[in-house]
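File shown here: start.cif, holding mmCIF, N, CA, C and O atoms.
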data_data
#
loop_
_atom_site.label_atom_id
_atom_site.label_comp_id
_atom_site.auth_asym_id
_atom_site.auth_seq_id
_atom_site.Cartn_x
_atom_site.Cartn_y
_atom_site.Cartn_z
N VAL X 1 95.06 94.10 82.73
CA VAL X 1 94.66 94.08 84.12
C VAL X 1 93.45 93.15 84.31
O VAL X 1 93.45 92.32 85.21
N GLU X 2 92.46 93.33 83.47
CA GLU X 2 91.24 92.54 83.63
C GLU X 2 91.52 91.05 83.49
O GLU X 2 90.99 90.24 84.26
N ALA X 3 92.36 90.66 82.54
CA ALA X 3 92.66 89.25 82.35
C ALA X 3 93.37 88.69 83.59
O ALA X 3 93.06 87.57 84.03
N ALA X 4 94.29 89.45 84.15
CA ALA X 4 95.01 89.00 85.35
C ALA X 4 94.06 88.89 86.53
O ALA X 4 94.13 87.92 87.31
N GLU X 5 93.16 89.87 86.68
CA GLU X 5 92.19 89.82 87.77
C GLU X 5 91.27 88.60 87.63
O GLU X 5 91.03 87.89 88.60
N GLN X 6 90.78 88.38 86.42
CA GLN X 6 89.87 87.26 86.20
C GLN X 6 90.56 85.92 86.43
O GLN X 6 89.92 84.96 86.88
N ALA X 7 91.86 85.86 86.15
CA ALA X 7 92.61 84.62 86.34
C ALA X 7 93.12 84.46 87.77
O ALA X 7 93.70 83.45 88.12
N GLY X 8 92.88 85.49 88.60
CA GLY X 8 93.36 85.43 89.98
C GLY X 8 94.85 85.62 90.10
O GLY X 8 95.45 85.22 91.09
N GLN X 9 95.45 86.23 89.11
CA GLN X 9 96.88 86.50 89.11
C GLN X 9 97.11 87.90 89.70
O GLN X 9 97.31 88.87 88.99
N TRP X 10 97.05 87.97 91.02
CA TRP X 10 97.02 89.25 91.70
C TRP X 10 98.33 90.00 91.64
O TRP X 10 98.34 91.23 91.60
N PHE X 11 99.46 89.30 91.61
CA PHE X 11 100.73 89.99 91.47
C PHE X 11 100.79 90.70 90.12
O PHE X 11 101.16 91.87 90.04
N ALA X 12 100.42 89.99 89.06
CA ALA X 12 100.42 90.58 87.72
C ALA X 12 99.42 91.74 87.64
O ALA X 12 99.73 92.79 87.07
N ALA X 13 98.24 91.55 88.20
CA ALA X 13 97.25 92.62 88.19
C ALA X 13 97.79 93.85 88.90
O ALA X 13 97.66 94.98 88.40
N GLY X 14 98.40 93.65 90.06
CA GLY X 14 98.97 94.76 90.81
C GLY X 14 100.06 95.47 90.04
O GLY X 14 100.15 96.70 90.05
N TRP X 15 100.90 94.71 89.35
CA TRP X 15 101.99 95.31 88.57
C TRP X 15 101.41 96.21 87.48
O TRP X 15 101.83 97.34 87.33
N HIS X 16 100.44 95.70 86.75
CA HIS X 16 99.84 96.49 85.68
C HIS X 16 99.08 97.70 86.24
O HIS X 16 99.13 98.79 85.67
N LEU X 17 98.38 97.49 87.33
CA LEU X 17 97.65 98.61 87.94
C LEU X 17 98.61 99.69 88.43
O LEU X 17 98.30 100.88 88.33
N GLU X 18 99.76 99.30 88.92
CA GLU X 18 100.74 100.29 89.36
C GLU X 18 101.17 101.16 88.19
O GLU X 18 101.34 102.37 88.34
N ARG X 19 101.33 100.57 87.00
CA ARG X 19 101.67 101.36 85.81
C ARG X 19 100.54 102.34 85.48
O ARG X 19 100.79 103.48 85.13
N LEU X 20 99.29 101.88 85.59
CA LEU X 20 98.15 102.76 85.32
C LEU X 20 98.07 103.88 86.34
O LEU X 20 97.75 105.03 85.99
N VAL X 21 98.35 103.58 87.59
CA VAL X 21 98.34 104.61 88.64
C VAL X 21 99.42 105.65 88.36
O VAL X 21 99.21 106.85 88.56
N GLU X 22 100.57 105.21 87.87
CA GLU X 22 101.64 106.16 87.53
C GLU X 22 101.20 107.10 86.41
O GLU X 22 101.53 108.27 86.43
N GLU X 23 100.45 106.57 85.44
CA GLU X 23 99.97 107.38 84.32
C GLU X 23 98.83 108.31 84.71
O GLU X 23 98.74 109.43 84.22
N GLU X 24 97.94 107.82 85.57
CA GLU X 24 96.78 108.60 86.01
C GLU X 24 96.67 108.50 87.53
O GLU X 24 95.82 107.79 88.05
N PRO X 25 97.52 109.24 88.26
CA PRO X 25 97.60 109.06 89.72
C PRO X 25 96.32 109.41 90.48
O PRO X 25 96.12 108.90 91.57
N GLY X 26 95.47 110.22 89.93
CA GLY X 26 94.26 110.60 90.65
C GLY X 26 93.02 109.85 90.26
O GLY X 26 91.92 110.18 90.72
N ARG X 27 93.15 108.83 89.44
CA ARG X 27 91.96 108.09 88.98
C ARG X 27 91.56 107.05 90.03
O ARG X 27 92.24 106.05 90.25
N PRO X 28 90.42 107.27 90.69
CA PRO X 28 90.01 106.39 91.79
C PRO X 28 89.88 104.92 91.40
O PRO X 28 90.23 104.05 92.19
N GLU X 29 89.41 104.63 90.20
CA GLU X 29 89.22 103.23 89.79
C GLU X 29 90.53 102.45 89.90
O GLU X 29 90.56 101.34 90.43
N TRP X 30 91.62 103.02 89.40
CA TRP X 30 92.91 102.32 89.46
C TRP X 30 93.37 102.15 90.91
O TRP X 30 93.90 101.11 91.27
N LEU X 31 93.16 103.17 91.70
CA LEU X 31 93.58 103.12 93.10
C LEU X 31 92.81 102.06 93.87
O LEU X 31 93.38 101.30 94.65
N HIS X 32 91.50 101.99 93.65
CA HIS X 32 90.67 100.98 94.32
C HIS X 32 91.09 99.56 93.90
O HIS X 32 91.24 98.67 94.74
N ARG X 33 91.29 99.39 92.62
CA ARG X 33 91.65 98.07 92.11
C ARG X 33 93.05 97.67 92.57
O ARG X 33 93.31 96.51 92.84
N ARG X 34 93.95 98.65 92.69
CA ARG X 34 95.31 98.36 93.17
C ARG X 34 95.26 97.92 94.63
O ARG X 34 95.93 96.98 95.03
N ALA X 35 94.46 98.62 95.44
CA ALA X 35 94.31 98.23 96.85
C ALA X 35 93.71 96.84 96.95
O ALA X 35 94.13 96.02 97.79
N ALA X 36 92.74 96.52 96.11
CA ALA X 36 92.12 95.20 96.13
C ALA X 36 93.12 94.11 95.76
O ALA X 36 93.11 93.03 96.37
N ALA X 37 93.98 94.38 94.78
CA ALA X 37 94.98 93.39 94.40
C ALA X 37 95.95 93.13 95.56
O ALA X 37 96.31 91.99 95.83
N SER X 38 96.35 94.18 96.26
CA SER X 38 97.24 94.01 97.41
C SER X 38 96.56 93.20 98.50
O SER X 38 97.18 92.35 99.14
N ALA X 39 95.27 93.46 98.71
CA ALA X 39 94.53 92.70 99.72
C ALA X 39 94.48 91.22 99.34
O ALA X 39 94.62 90.35 100.21
N ARG X 40 94.29 90.91 98.08
CA ARG X 40 94.25 89.52 97.63
C ARG X 40 95.59 88.82 97.87
O ARG X 40 95.65 87.61 98.01
N LEU X 41 96.68 89.61 97.91
CA LEU X 41 98.01 89.06 98.18
C LEU X 41 98.34 89.07 99.67
O LEU X 41 99.46 88.74 100.06
N ASN X 42 97.37 89.47 100.50
CA ASN X 42 97.56 89.60 101.94
C ASN X 42 98.66 90.60 102.29
O ASN X 42 99.31 90.47 103.33
N ALA X 43 98.86 91.57 101.44
CA ALA X 43 99.82 92.65 101.68
C ALA X 43 99.04 93.81 102.31
O ALA X 43 98.74 94.81 101.66
N TRP X 44 98.68 93.64 103.58
CA TRP X 44 97.73 94.55 104.23
C TRP X 44 98.27 95.95 104.43
O TRP X 44 97.53 96.92 104.31
N GLY X 45 99.55 96.10 104.73
CA GLY X 45 100.12 97.44 104.87
C GLY X 45 100.07 98.19 103.56
O GLY X 45 99.73 99.38 103.51
N GLN X 46 100.40 97.50 102.49
CA GLN X 46 100.34 98.10 101.16
C GLN X 46 98.89 98.42 100.79
O GLN X 46 98.61 99.49 100.25
N ALA X 47 97.98 97.52 101.09
CA ALA X 47 96.57 97.76 100.79
C ALA X 47 96.06 98.98 101.55
O ALA X 47 95.30 99.79 101.01
N GLU X 48 96.49 99.12 102.80
CA GLU X 48 96.07 100.28 103.60
C GLU X 48 96.56 101.59 102.96
O GLU X 48 95.80 102.55 102.83
N ARG X 49 97.82 101.63 102.56
CA ARG X 49 98.37 102.84 101.94
C ARG X 49 97.66 103.17 100.63
O ARG X 49 97.32 104.32 100.36
N GLN X 50 97.41 102.14 99.82
CA GLN X 50 96.76 102.36 98.54
C GLN X 50 95.30 102.79 98.71
O GLN X 50 94.81 103.66 97.99
N ALA X 51 94.63 102.22 99.68
CA ALA X 51 93.26 102.65 99.96
C ALA X 51 93.25 104.09 100.46
O ALA X 51 92.34 104.86 100.13
N GLY X 52 94.26 104.47 101.23
CA GLY X 52 94.37 105.86 101.67
C GLY X 52 94.51 106.81 100.49
O GLY X 52 93.91 107.89 100.48
N ARG X 53 95.27 106.40 99.49
CA ARG X 53 95.39 107.21 98.27
C ARG X 53 94.05 107.29 97.55
O ARG X 53 93.69 108.35 97.01
N ALA X 54 93.30 106.20 97.55
CA ALA X 54 91.99 106.20 96.92
C ALA X 54 91.05 107.15 97.65
O ALA X 54 90.26 107.87 97.02
N ILE X 55 91.14 107.19 98.97
CA ILE X 55 90.31 108.10 99.76
C ILE X 55 90.66 109.55 99.44
O ILE X 55 89.78 110.39 99.29
N GLU X 56 91.95 109.84 99.31
CA GLU X 56 92.36 111.20 98.95
C GLU X 56 91.81 111.60 97.59
O GLU X 56 91.40 112.75 97.39
N ALA X 57 91.79 110.67 96.65
CA ALA X 57 91.31 110.96 95.29
C ALA X 57 89.79 111.07 95.22
O ALA X 57 89.26 111.86 94.44
N ALA X 58 89.09 110.30 96.05
CA ALA X 58 87.62 110.28 96.01
C ALA X 58 87.09 110.09 97.43
O ALA X 58 86.65 108.99 97.79
N PRO X 59 87.11 111.15 98.25
CA PRO X 59 86.72 111.00 99.66
C PRO X 59 85.26 110.64 99.88
O PRO X 59 84.90 110.17 100.97
N THR X 60 84.41 110.82 98.89
CA THR X 60 83.00 110.48 99.08
C THR X 60 82.64 109.09 98.53
O THR X 60 81.48 108.70 98.58
N ALA X 61 83.63 108.36 98.04
CA ALA X 61 83.39 106.99 97.56
C ALA X 61 83.58 106.02 98.73
O ALA X 61 84.61 106.07 99.42
N TRP X 62 82.63 105.17 98.95
CA TRP X 62 82.68 104.27 100.10
C TRP X 62 83.76 103.20 99.97
O TRP X 62 84.27 102.70 100.96
N GLN X 63 84.14 102.83 98.73
CA GLN X 63 85.05 101.72 98.52
C GLN X 63 86.41 101.90 99.21
O GLN X 63 86.93 100.97 99.82
N GLY X 64 86.99 103.08 99.10
CA GLY X 64 88.28 103.33 99.72
C GLY X 64 88.23 103.18 101.23
O GLY X 64 89.13 102.60 101.84
N TRP X 65 87.17 103.71 101.82
CA TRP X 65 87.01 103.60 103.27
C TRP X 65 86.86 102.14 103.69
O TRP X 65 87.42 101.71 104.69
N TYR X 66 86.08 101.39 102.92
CA TYR X 66 85.90 99.96 103.22
C TYR X 66 87.23 99.22 103.10
O TYR X 66 87.58 98.42 103.96
N GLN X 67 87.94 99.48 102.01
CA GLN X 67 89.21 98.79 101.79
C GLN X 67 90.22 99.11 102.89
O GLN X 67 90.90 98.22 103.40
N ARG X 68 90.31 100.39 103.25
CA ARG X 68 91.26 100.75 104.30
C ARG X 68 90.82 100.18 105.65
O ARG X 68 91.65 99.70 106.42
N GLY X 69 89.54 100.19 105.93
CA GLY X 69 89.04 99.61 107.17
C GLY X 69 89.34 98.13 107.26
O GLY X 69 89.76 97.62 108.30
N THR X 70 89.15 97.42 106.17
CA THR X 70 89.45 95.99 106.14
C THR X 70 90.94 95.75 106.36
O THR X 70 91.33 94.86 107.14
N ALA X 71 91.78 96.53 105.69
CA ALA X 71 93.23 96.38 105.85
C ALA X 71 93.64 96.67 107.29
O ALA X 71 94.44 95.93 107.88
N ARG X 72 93.09 97.72 107.87
CA ARG X 72 93.44 98.06 109.25
C ARG X 72 92.98 96.97 110.22
O ARG X 72 93.68 96.68 111.20
N ALA X 73 91.83 96.38 109.96
CA ALA X 73 91.38 95.29 110.82
C ALA X 73 92.34 94.11 110.73
O ALA X 73 92.70 93.52 111.75
N ARG X 74 92.80 93.78 109.53
CA ARG X 74 93.75 92.68 109.36
C ARG X 74 95.08 92.98 110.02
O ARG X 74 95.79 92.07 110.42
N LEU X 75 95.41 94.28 110.14
CA LEU X 75 96.65 94.69 110.81
C LEU X 75 96.49 94.79 112.32
O LEU X 75 97.43 95.13 113.03
N GLY X 76 95.26 94.54 112.80
CA GLY X 76 95.00 94.57 114.24
C GLY X 76 94.75 95.95 114.79
O GLY X 76 94.75 96.15 116.00
N ARG X 77 94.49 96.91 113.94
CA ARG X 77 94.24 98.29 114.36
C ARG X 77 92.73 98.53 114.36
O ARG X 77 92.19 99.22 113.50
N LEU X 78 92.08 97.91 115.33
CA LEU X 78 90.62 97.82 115.32
C LEU X 78 89.89 99.15 115.50
O LEU X 78 88.89 99.37 114.82
N PRO X 79 90.31 100.06 116.39
CA PRO X 79 89.58 101.34 116.48
C PRO X 79 89.61 102.13 115.16
O PRO X 79 88.59 102.67 114.74
N GLU X 80 90.76 102.15 114.50
CA GLU X 80 90.85 102.84 113.21
C GLU X 80 90.02 102.12 112.15
O GLU X 80 89.37 102.78 111.33
N ALA X 81 90.05 100.80 112.19
CA ALA X 81 89.25 100.02 111.24
C ALA X 81 87.77 100.30 111.43
O ALA X 81 87.04 100.51 110.45
N ALA X 82 87.32 100.34 112.68
CA ALA X 82 85.90 100.60 112.95
C ALA X 82 85.48 101.96 112.44
O ALA X 82 84.39 102.11 111.86
N ALA X 83 86.34 102.97 112.61
CA ALA X 83 86.01 104.31 112.13
C ALA X 83 85.91 104.34 110.61
O ALA X 83 84.98 104.94 110.04
N ASP X 84 86.86 103.68 109.93
CA ASP X 84 86.81 103.64 108.46
C ASP X 84 85.58 102.89 107.96
O ASP X 84 84.91 103.32 107.02
N LEU X 85 85.27 101.77 108.59
CA LEU X 85 84.12 100.98 108.15
C LEU X 85 82.80 101.72 108.44
O LEU X 85 81.85 101.62 107.65
N ALA X 86 82.75 102.47 109.52
CA ALA X 86 81.56 103.29 109.80
C ALA X 86 81.40 104.35 108.73
O ALA X 86 80.28 104.62 108.27
N GLN X 87 82.50 104.96 108.32
CA GLN X 87 82.44 105.98 107.25
C GLN X 87 81.99 105.33 105.94
O GLN X 87 81.19 105.91 105.20
N ALA X 88 82.48 104.15 105.65
CA ALA X 88 82.05 103.44 104.44
C ALA X 88 80.55 103.19 104.46
O ALA X 88 79.86 103.38 103.45
N THR X 89 80.05 102.81 105.62
CA THR X 89 78.61 102.55 105.76
C THR X 89 77.81 103.84 105.55
O THR X 89 76.77 103.82 104.87
N ARG X 90 78.28 104.93 106.13
CA ARG X 90 77.59 106.22 105.94
C ARG X 90 77.53 106.62 104.48
O ARG X 90 76.51 107.12 103.99
N LEU X 91 78.63 106.41 103.76
CA LEU X 91 78.68 106.82 102.36
C LEU X 91 77.93 105.88 101.43
O LEU X 91 77.44 106.31 100.39
N ALA X 92 77.86 104.61 101.82
CA ALA X 92 77.12 103.65 100.97
C ALA X 92 75.65 103.87 101.15
O ALA X 92 74.83 103.85 100.39
#

What would the structure in this file look like if it were written as structure tokens?
Amino acid sequence: VEAAEQAGQWFAAGWHLERLVEEEPGRPEWLHRRAAASARLNAWGQAERQAGRAIEAAPTAWQGWYQRGTARARLGRLPEAAADLAQATRLA
């Protein structure tokens, strides 16, 4: 995963991260990194869903809220994005 991320190979990183998420579905690190890989691929709907899973796994971590807020903004869902980004700010 790290080699793919460092090389900017986001599809490969996402594929490997998906395998890690399957093995450890509640591990926030994998969920955050999977959402980030989807965002790098401009797969905003997928990034939103994955960030939502990260929030479920770690609701007090600001990263998931930020990632979901960013994805929602890119999808044009600005009120929801603003709420998520405000929560990220509160937690950070």

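Across the structure, atom N of Ala71 (chain X) and CA of Ala3 (chain X) are spaced 24.5 Å apart.
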
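Of the residues under consideration (X:Ala54, X:Glu23, X:Gln9, X:Gln63), X:Gln9 shows the shortest atom-to-atom contact distance to Ala37 (chain X) when counting all atoms listed in the file.
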
For the file shown, report as a PDB file with N, CA, C and O atoms, keeping the file's coordinate frame the outcome of the PyMOL selection byres (((chain X and resi 56 and name CA) around 12) and name CA) at residue level.
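File produced: result_35.pdb:
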ATOM      1  N   PRO X  25      97.520 109.240  88.260  1.00  0.00           N
ATOM      2  CA  PRO X  25      97.600 109.060  89.720  1.00  0.00           C
ATOM      3  C   PRO X  25      96.320 109.410  90.480  1.00  0.00           C
ATOM      4  O   PRO X  25      96.120 108.900  91.570  1.00  0.00           O
ATOM      5  N   GLY X  26      95.470 110.220  89.930  1.00  0.00           N
ATOM      6  CA  GLY X  26      94.260 110.600  90.650  1.00  0.00           C
ATOM      7  C   GLY X  26      93.020 109.850  90.260  1.00  0.00           C
ATOM      8  O   GLY X  26      91.920 110.180  90.720  1.00  0.00           O
ATOM      9  N   ARG X  27      93.150 108.830  89.440  1.00  0.00           N
ATOM     10  CA  ARG X  27      91.960 108.090  88.980  1.00  0.00           C
ATOM     11  C   ARG X  27      91.560 107.050  90.030  1.00  0.00           C
ATOM     12  O   ARG X  27      92.240 106.050  90.250  1.00  0.00           O
ATOM     13  N   PRO X  28      90.420 107.270  90.690  1.00  0.00           N
ATOM     14  CA  PRO X  28      90.010 106.390  91.790  1.00  0.00           C
ATOM     15  C   PRO X  28      89.880 104.920  91.400  1.00  0.00           C
ATOM     16  O   PRO X  28      90.230 104.050  92.190  1.00  0.00           O
ATOM     17  N   LEU X  31      93.160 103.170  91.700  1.00  0.00           N
ATOM     18  CA  LEU X  31      93.580 103.120  93.100  1.00  0.00           C
ATOM     19  C   LEU X  31      92.810 102.060  93.870  1.00  0.00           C
ATOM     20  O   LEU X  31      93.380 101.300  94.650  1.00  0.00           O
ATOM     21  N   HIS X  32      91.500 101.990  93.650  1.00  0.00           N
ATOM     22  CA  HIS X  32      90.670 100.980  94.320  1.00  0.00           C
ATOM     23  C   HIS X  32      91.090  99.560  93.900  1.00  0.00           C
ATOM     24  O   HIS X  32      91.240  98.670  94.740  1.00  0.00           O
ATOM     25  N   ARG X  49      97.820 101.630 102.560  1.00  0.00           N
ATOM     26  CA  ARG X  49      98.370 102.840 101.940  1.00  0.00           C
ATOM     27  C   ARG X  49      97.660 103.170 100.630  1.00  0.00           C
ATOM     28  O   ARG X  49      97.320 104.320 100.360  1.00  0.00           O
ATOM     29  N   GLN X  50      97.410 102.140  99.820  1.00  0.00           N
ATOM     30  CA  GLN X  50      96.760 102.360  98.540  1.00  0.00           C
ATOM     31  C   GLN X  50      95.300 102.790  98.710  1.00  0.00           C
ATOM     32  O   GLN X  50      94.810 103.660  97.990  1.00  0.00           O
ATOM     33  N   ALA X  51      94.630 102.220  99.680  1.00  0.00           N
ATOM     34  CA  ALA X  51      93.260 102.650  99.960  1.00  0.00           C
ATOM     35  C   ALA X  51      93.250 104.090 100.460  1.00  0.00           C
ATOM     36  O   ALA X  51      92.340 104.860 100.130  1.00  0.00           O
ATOM     37  N   GLY X  52      94.260 104.470 101.230  1.00  0.00           N
ATOM     38  CA  GLY X  52      94.370 105.860 101.670  1.00  0.00           C
ATOM     39  C   GLY X  52      94.510 106.810 100.490  1.00  0.00           C
ATOM     40  O   GLY X  52      93.910 107.890 100.480  1.00  0.00           O
ATOM     41  N   ARG X  53      95.270 106.400  99.490  1.00  0.00           N
ATOM     42  CA  ARG X  53      95.390 107.210  98.270  1.00  0.00           C
ATOM     43  C   ARG X  53      94.050 107.290  97.550  1.00  0.00           C
ATOM     44  O   ARG X  53      93.690 108.350  97.010  1.00  0.00           O
ATOM     45  N   ALA X  54      93.300 106.200  97.550  1.00  0.00           N
ATOM     46  CA  ALA X  54      91.990 106.200  96.920  1.00  0.00           C
ATOM     47  C   ALA X  54      91.050 107.150  97.650  1.00  0.00           C
ATOM     48  O   ALA X  54      90.260 107.870  97.020  1.00  0.00           O
ATOM     49  N   ILE X  55      91.140 107.190  98.970  1.00  0.00           N
ATOM     50  CA  ILE X  55      90.310 108.100  99.760  1.00  0.00           C
ATOM     51  C   ILE X  55      90.660 109.550  99.440  1.00  0.00           C
ATOM     52  O   ILE X  55      89.780 110.390  99.290  1.00  0.00           O
ATOM     53  N   ALA X  57      91.790 110.670  96.650  1.00  0.00           N
ATOM     54  CA  ALA X  57      91.310 110.960  95.290  1.00  0.00           C
ATOM     55  C   ALA X  57      89.790 111.070  95.220  1.00  0.00           C
ATOM     56  O   ALA X  57      89.260 111.860  94.440  1.00  0.00           O
ATOM     57  N   ALA X  58      89.090 110.300  96.050  1.00  0.00           N
ATOM     58  CA  ALA X  58      87.620 110.280  96.010  1.00  0.00           C
ATOM     59  C   ALA X  58      87.090 110.090  97.430  1.00  0.00           C
ATOM     60  O   ALA X  58      86.650 108.990  97.790  1.00  0.00           O
ATOM     61  N   PRO X  59      87.110 111.150  98.250  1.00  0.00           N
ATOM     62  CA  PRO X  59      86.720 111.000  99.660  1.00  0.00           C
ATOM     63  C   PRO X  59      85.260 110.640  99.880  1.00  0.00           C
ATOM     64  O   PRO X  59      84.900 110.170 100.970  1.00  0.00           O
ATOM     65  N   THR X  60      84.410 110.820  98.890  1.00  0.00           N
ATOM     66  CA  THR X  60      83.000 110.480  99.080  1.00  0.00           C
ATOM     67  C   THR X  60      82.640 109.090  98.530  1.00  0.00           C
ATOM     68  O   THR X  60      81.480 108.700  98.580  1.00  0.00           O
ATOM     69  N   ALA X  61      83.630 108.360  98.040  1.00  0.00           N
ATOM     70  CA  ALA X  61      83.390 106.990  97.560  1.00  0.00           C
ATOM     71  C   ALA X  61      83.580 106.020  98.730  1.00  0.00           C
ATOM     72  O   ALA X  61      84.610 106.070  99.420  1.00  0.00           O
ATOM     73  N   TRP X  62      82.630 105.170  98.950  1.00  0.00           N
ATOM     74  CA  TRP X  62      82.680 104.270 100.100  1.00  0.00           C
ATOM     75  C   TRP X  62      83.760 103.200  99.970  1.00  0.00           C
ATOM     76  O   TRP X  62      84.270 102.700 100.960  1.00  0.00           O
ATOM     77  N   GLN X  63      84.140 102.830  98.730  1.00  0.00           N
ATOM     78  CA  GLN X  63      85.050 101.720  98.520  1.00  0.00           C
ATOM     79  C   GLN X  63      86.410 101.900  99.210  1.00  0.00           C
ATOM     80  O   GLN X  63      86.930 100.970  99.820  1.00  0.00           O
ATOM     81  N   GLY X  64      86.990 103.080  99.100  1.00  0.00           N
ATOM     82  CA  GLY X  64      88.280 103.330  99.720  1.00  0.00           C
ATOM     83  C   GLY X  64      88.230 103.180 101.230  1.00  0.00           C
ATOM     84  O   GLY X  64      89.130 102.600 101.840  1.00  0.00           O
ATOM     85  N   TRP X  65      87.170 103.710 101.820  1.00  0.00           N
ATOM     86  CA  TRP X  65      87.010 103.600 103.270  1.00  0.00           C
ATOM     87  C   TRP X  65      86.860 102.140 103.690  1.00  0.00           C
ATOM     88  O   TRP X  65      87.420 101.710 104.690  1.00  0.00           O
ATOM     89  N   ARG X  68      90.310 100.390 103.250  1.00  0.00           N
ATOM     90  CA  ARG X  68      91.260 100.750 104.300  1.00  0.00           C
ATOM     91  C   ARG X  68      90.820 100.180 105.650  1.00  0.00           C
ATOM     92  O   ARG X  68      91.650  99.700 106.420  1.00  0.00           O
TER      93      ARG X  68
END

CA of Arg72 (chain X) to CA of Asp84 (chain X): how many Å, to one decimal?
-> 8.7 Å

Which is closest to Leu85 (chain X) among X:Ala36, X:Ala73, X:Ala7, X:Leu41, if we use only C-alpha atoms?
-> X:Ala73
